[in-house]
>>> print(open('coords-v2.csv').read())   # CSV, C-alpha atoms
chain,number,residue,atom,x,y,z
A,1,MET,CA,-57.1,19.6,-41.2
A,2,ASN,CA,-54.1,21.2,-39.6
A,3,ARG,CA,-54.5,18.9,-36.6
A,4,LEU,CA,-54.6,15.7,-38.7
A,5,ARG,CA,-51.4,16.7,-40.6
A,6,ARG,CA,-49.6,17.5,-37.3
A,7,SER,CA,-50.4,14.1,-35.7
A,8,SER,CA,-49.0,12.1,-38.6
A,9,ARG,CA,-45.5,13.6,-38.2
A,10,PHE,CA,-42.7,12.0,-36.2
A,11,GLY,CA,-41.6,14.1,-33.3
A,12,LEU,CA,-38.2,14.1,-31.7
A,13,PRO,CA,-39.0,11.4,-29.1
A,14,GLU,CA,-40.4,9.1,-31.8
A,15,ALA,CA,-37.2,9.6,-33.9
A,16,PHE,CA,-35.0,8.7,-30.9
A,17,LEU,CA,-37.0,5.6,-30.2
A,18,ALA,CA,-36.8,4.5,-33.8
A,19,LEU,CA,-33.0,5.1,-33.8
A,20,PHE,CA,-32.6,3.2,-30.6
A,21,LEU,CA,-34.6,0.2,-31.9
A,22,LEU,CA,-32.5,0.1,-35.1
A,23,ALA,CA,-29.2,0.5,-33.3
A,24,LEU,CA,-29.8,-2.1,-30.6
A,25,PRO,CA,-29.6,-5.2,-32.8
A,26,VAL,CA,-26.5,-3.8,-34.5
A,27,GLN,CA,-24.8,-3.3,-31.1
A,28,ILE,CA,-25.7,-6.9,-30.1
A,29,VAL,CA,-24.4,-8.4,-33.3
A,30,ALA,CA,-21.2,-6.3,-33.2
A,31,GLY,CA,-20.6,-7.4,-29.6
A,32,HIS,CA,-20.9,-11.1,-30.6
A,33,ILE,CA,-18.5,-10.6,-33.6
A,34,ARG,CA,-16.0,-8.8,-31.3
A,35,ASP,CA,-16.3,-11.6,-28.7
A,36,HIS,CA,-15.8,-14.3,-31.3
A,37,ARG,CA,-12.8,-12.6,-32.8
A,38,LEU,CA,-11.2,-12.2,-29.3
A,39,GLU,CA,-11.9,-15.9,-28.5
A,40,SER,CA,-10.4,-17.0,-31.8
A,41,ARG,CA,-7.2,-14.9,-31.3
A,42,ALA,CA,-6.9,-16.1,-27.7
A,43,GLN,CA,-7.1,-19.7,-28.8
A,44,GLU,CA,-4.5,-19.2,-31.6
A,45,LEU,CA,-2.2,-17.5,-29.0
A,46,ALA,CA,-2.6,-20.4,-26.6
A,47,GLU,CA,-1.6,-22.8,-29.3
A,48,ASP,CA,1.4,-20.5,-30.2
A,49,LEU,CA,2.4,-20.6,-26.5
A,50,GLY,CA,2.3,-24.4,-26.5
A,51,SER,CA,4.6,-24.5,-29.6
A,52,ILE,CA,7.0,-22.0,-28.0
A,53,GLU,CA,7.0,-23.9,-24.7
A,54,ASP,CA,7.8,-27.2,-26.5
A,55,ALA,CA,10.7,-25.5,-28.4
A,56,VAL,CA,12.0,-24.0,-25.1
A,57,ARG,CA,11.9,-27.3,-23.3
A,58,ALA,CA,13.8,-29.0,-26.2
A,59,TYR,CA,16.4,-26.2,-26.2
A,60,ARG,CA,16.7,-26.4,-22.4
A,61,SER,CA,17.2,-30.1,-22.4
A,62,GLU,CA,19.9,-30.0,-25.0
A,63,HIS,CA,21.8,-26.9,-23.8
A,64,GLN,CA,21.0,-26.7,-20.1
A,65,ASP,CA,20.3,-23.0,-20.6
A,66,TRP,CA,17.5,-20.8,-21.8
A,67,PRO,CA,17.3,-19.1,-25.2
A,68,ASP,CA,18.4,-15.5,-25.1
A,69,ALA,CA,15.7,-12.8,-25.2
A,70,ALA,CA,14.8,-11.5,-28.7
A,71,PRO,CA,13.2,-8.4,-30.1
A,72,ALA,CA,9.4,-8.3,-30.6
A,73,GLY,CA,8.3,-10.2,-33.7
A,74,ILE,CA,11.6,-12.2,-34.0
A,75,PRO,CA,12.0,-15.7,-32.6
A,76,PRO,CA,15.3,-16.3,-30.8
A,77,PRO,CA,17.8,-17.6,-33.4
A,78,SER,CA,18.7,-20.5,-31.1
A,79,MET,CA,15.0,-21.7,-31.3
A,80,ALA,CA,14.7,-21.4,-35.1
A,81,GLY,CA,15.0,-25.2,-35.8
A,82,LEU,CA,12.9,-26.1,-32.8
A,83,LEU,CA,9.7,-24.2,-33.7
A,84,PRO,CA,7.2,-25.6,-36.2
A,85,GLU,CA,8.0,-24.8,-39.8
A,86,GLY,CA,6.6,-21.4,-40.8
A,87,PHE,CA,6.0,-20.4,-37.2
A,88,SER,CA,5.9,-16.6,-36.9
A,89,PHE,CA,6.1,-14.3,-33.9
A,90,GLU,CA,4.1,-11.7,-35.9
A,91,ARG,CA,0.4,-12.6,-36.0
A,92,ASP,CA,-2.8,-10.9,-37.0
A,93,GLY,CA,-3.7,-8.8,-34.0
A,94,TYR,CA,-0.6,-9.5,-31.8
A,95,ILE,CA,3.2,-9.7,-31.8
A,96,LEU,CA,5.2,-12.1,-29.6
A,97,ARG,CA,8.4,-11.4,-27.8
A,98,TRP,CA,10.5,-14.1,-26.1
A,99,GLU,CA,11.7,-12.9,-22.7
A,100,HIS,CA,14.6,-14.2,-20.6
A,101,TRP,CA,15.6,-12.4,-17.4
A,102,PRO,CA,18.6,-14.1,-15.7
A,103,LEU,CA,18.4,-14.1,-11.9
A,104,PRO,CA,22.0,-14.3,-10.5
A,105,ASP,CA,20.7,-14.3,-6.9
A,106,GLY,CA,17.5,-16.2,-7.5
A,107,LEU,CA,14.2,-15.1,-6.2
A,108,PRO,CA,13.1,-14.4,-2.6
A,109,GLY,CA,12.1,-17.7,-1.2
A,110,ARG,CA,13.5,-19.5,-4.3
A,111,PRO,CA,17.3,-18.8,-4.4
A,112,GLU,CA,17.7,-21.7,-6.8
A,113,ALA,CA,15.7,-19.9,-9.5
A,114,GLU,CA,18.0,-19.2,-12.4
A,115,ALA,CA,15.8,-17.1,-14.6
A,116,LEU,CA,12.4,-15.8,-15.4
A,117,VAL,CA,11.3,-16.8,-18.9
A,118,GLY,CA,8.1,-16.1,-20.8
A,119,VAL,CA,6.4,-14.6,-23.8
A,120,SER,CA,5.2,-11.0,-24.0
A,121,VAL,CA,2.2,-10.5,-26.2
A,122,ILE,CA,1.9,-7.0,-27.7
A,123,SER,CA,-1.7,-6.5,-28.9
A,124,ASP,CA,-4.3,-3.9,-29.5
A,125,GLY,CA,-5.4,-4.2,-25.9
A,126,GLU,CA,-8.4,-6.5,-26.4
A,127,GLY,CA,-7.4,-9.0,-23.7
A,128,VAL,CA,-5.9,-11.6,-26.1
A,129,GLY,CA,-3.0,-12.3,-23.7
A,130,GLU,CA,-5.3,-12.7,-20.7
A,131,GLY,CA,-7.5,-15.0,-22.7
A,132,ALA,CA,-4.6,-17.2,-23.7
A,133,ALA,CA,-3.3,-17.3,-20.2
A,134,VAL,CA,-6.6,-18.7,-19.0
A,135,ARG,CA,-6.3,-21.5,-21.7
A,136,THR,CA,-2.6,-22.3,-20.7
A,137,PRO,CA,-2.5,-24.5,-17.6
A,138,GLY,CA,-0.4,-23.0,-14.8
A,139,ALA,CA,0.4,-19.8,-16.7
A,140,VAL,CA,0.9,-16.6,-14.7
A,141,GLY,CA,1.0,-13.2,-16.3
A,142,TYR,CA,0.7,-9.5,-15.9
A,143,ARG,CA,-0.3,-6.6,-18.1
A,144,PHE,CA,1.8,-3.4,-18.5
A,145,GLY,CA,0.2,-1.1,-21.0
A,146,GLU,CA,-0.5,-2.9,-24.2
A,147,VAL,CA,1.9,-5.7,-23.3
A,148,TYR,CA,0.8,-8.9,-21.5
A,149,THR,CA,3.6,-11.1,-20.3
A,150,ILE,CA,3.0,-14.7,-19.6
A,151,PHE,CA,5.5,-16.6,-17.5
A,152,LEU,CA,5.8,-20.3,-18.5
A,153,GLU,CA,5.3,-22.7,-15.6
A,154,GLU,CA,8.1,-24.9,-14.3
A,155,LEU,CA,10.7,-23.4,-16.7
>>> encode(input="coords-v2.csv", output="C-alpha cells")
Amino acid sequence: MNRLRRSSRFGLPEAFLALFLLALPVQIVAGHIRDHRLESRAQELAEDLGSIEDAVRAYRSEHQDWPDAAPAGIPPPSMAGLLPEGFSFERDGYILRWEHWPLPDGLPGRPEAEALVGVSVISDGEGVGEGAAVRTPGAVGYRFGEVYTIFLEEL
C-alpha cells in the first residue's frame, strides 16, 4: 500500500520537467512578440529618418547650410515647417536628437567636408537604431551606450 501511494507522487525531477515543458512555449511566444515589436519600431524609425532627411535636404538647398543641432526630443526650429505635420522627435520606445558637428578643417582625406550631420536615437537598448540603419540605404552609425547615432549619407 505504501509503495503504491509513493509511486503516484511527483518527485522533484518530474516537477522540473513539467515546469520546463510549460515555460518553453511561453519563452518562444515572448521571443516572437519581442522580435515583432523591435521590427515594428525599427521600421517606424527608418520612416522617421526618411522624413528628417527630406527636411534637411530642403533646408540645405534653400539656406546652403545645415540646421543647428537641437536637444533630444525637440526638432530644430529651422526645420519645423519642413517636417510632416504632427511629426515628433519623441516616439514610443525612442527619442530622436538632430546632430550637427561643424568641421572647420574638414576630415582626414576629405578636407572639403563641412560638417557631420545625423540623427541620434536614444532608446531602451533593444537595437532599434541598428535595425533602422539596416533599412536606410547608405546609412552609417555607431552605438555609444543607449544612444545610436546614424550619419546621413551624402549630406
>>> atom_distance(input="coords-v2.csv", atom1="CA of Ile122 (chain A)", atom2="CA of Gly86 (chain A)")
20.0 Å
>>> residues_around(input="coords-v2.csv", residues="Gly141 (chain A)", least_positions_apart="2", cutoff="7 Å", atoms="only C-alpha atoms", output="PyMOL selection string")
chain A and resi 139+143+148-151
>>> atom_distance(input="coords-v2.csv", atom1="CA of Asp68 (chain A)", atom2="CA of His100 (chain A)")
6.0 Å
>>> atom_distance(input="coords-v2.csv", atom1="CA of Asp48 (chain A)", atom2="CA of Arg110 (chain A)")
28.6 Å
>>> closest_residue(input="coords-v2.csv", among="A:Gly50, A:Pro13, A:Pro76, A:Pro25", to="Leu152 (chain A)", atoms="only C-alpha atoms")
A:Gly50
>>> closest_residue(input="coords-v2.csv", among="A:Gly145, A:Gly81, A:Pro67, A:Gly11", to="Glu99 (chain A)", atoms="all atoms listed in the file")
A:Pro67
>>> closest_residue(input="coords-v2.csv", among="A:Phe16, A:Val121, A:Pro108, A:Ser78", to="Ala46 (chain A)", atoms="all atoms listed in the file")
A:Val121
>>> closest_residue(input="coords-v2.csv", among="A:Asp124, A:Glu39, A:Glu62, A:Glu53", to="Tyr94 (chain A)", atoms="all atoms listed in the file")
A:Asp124
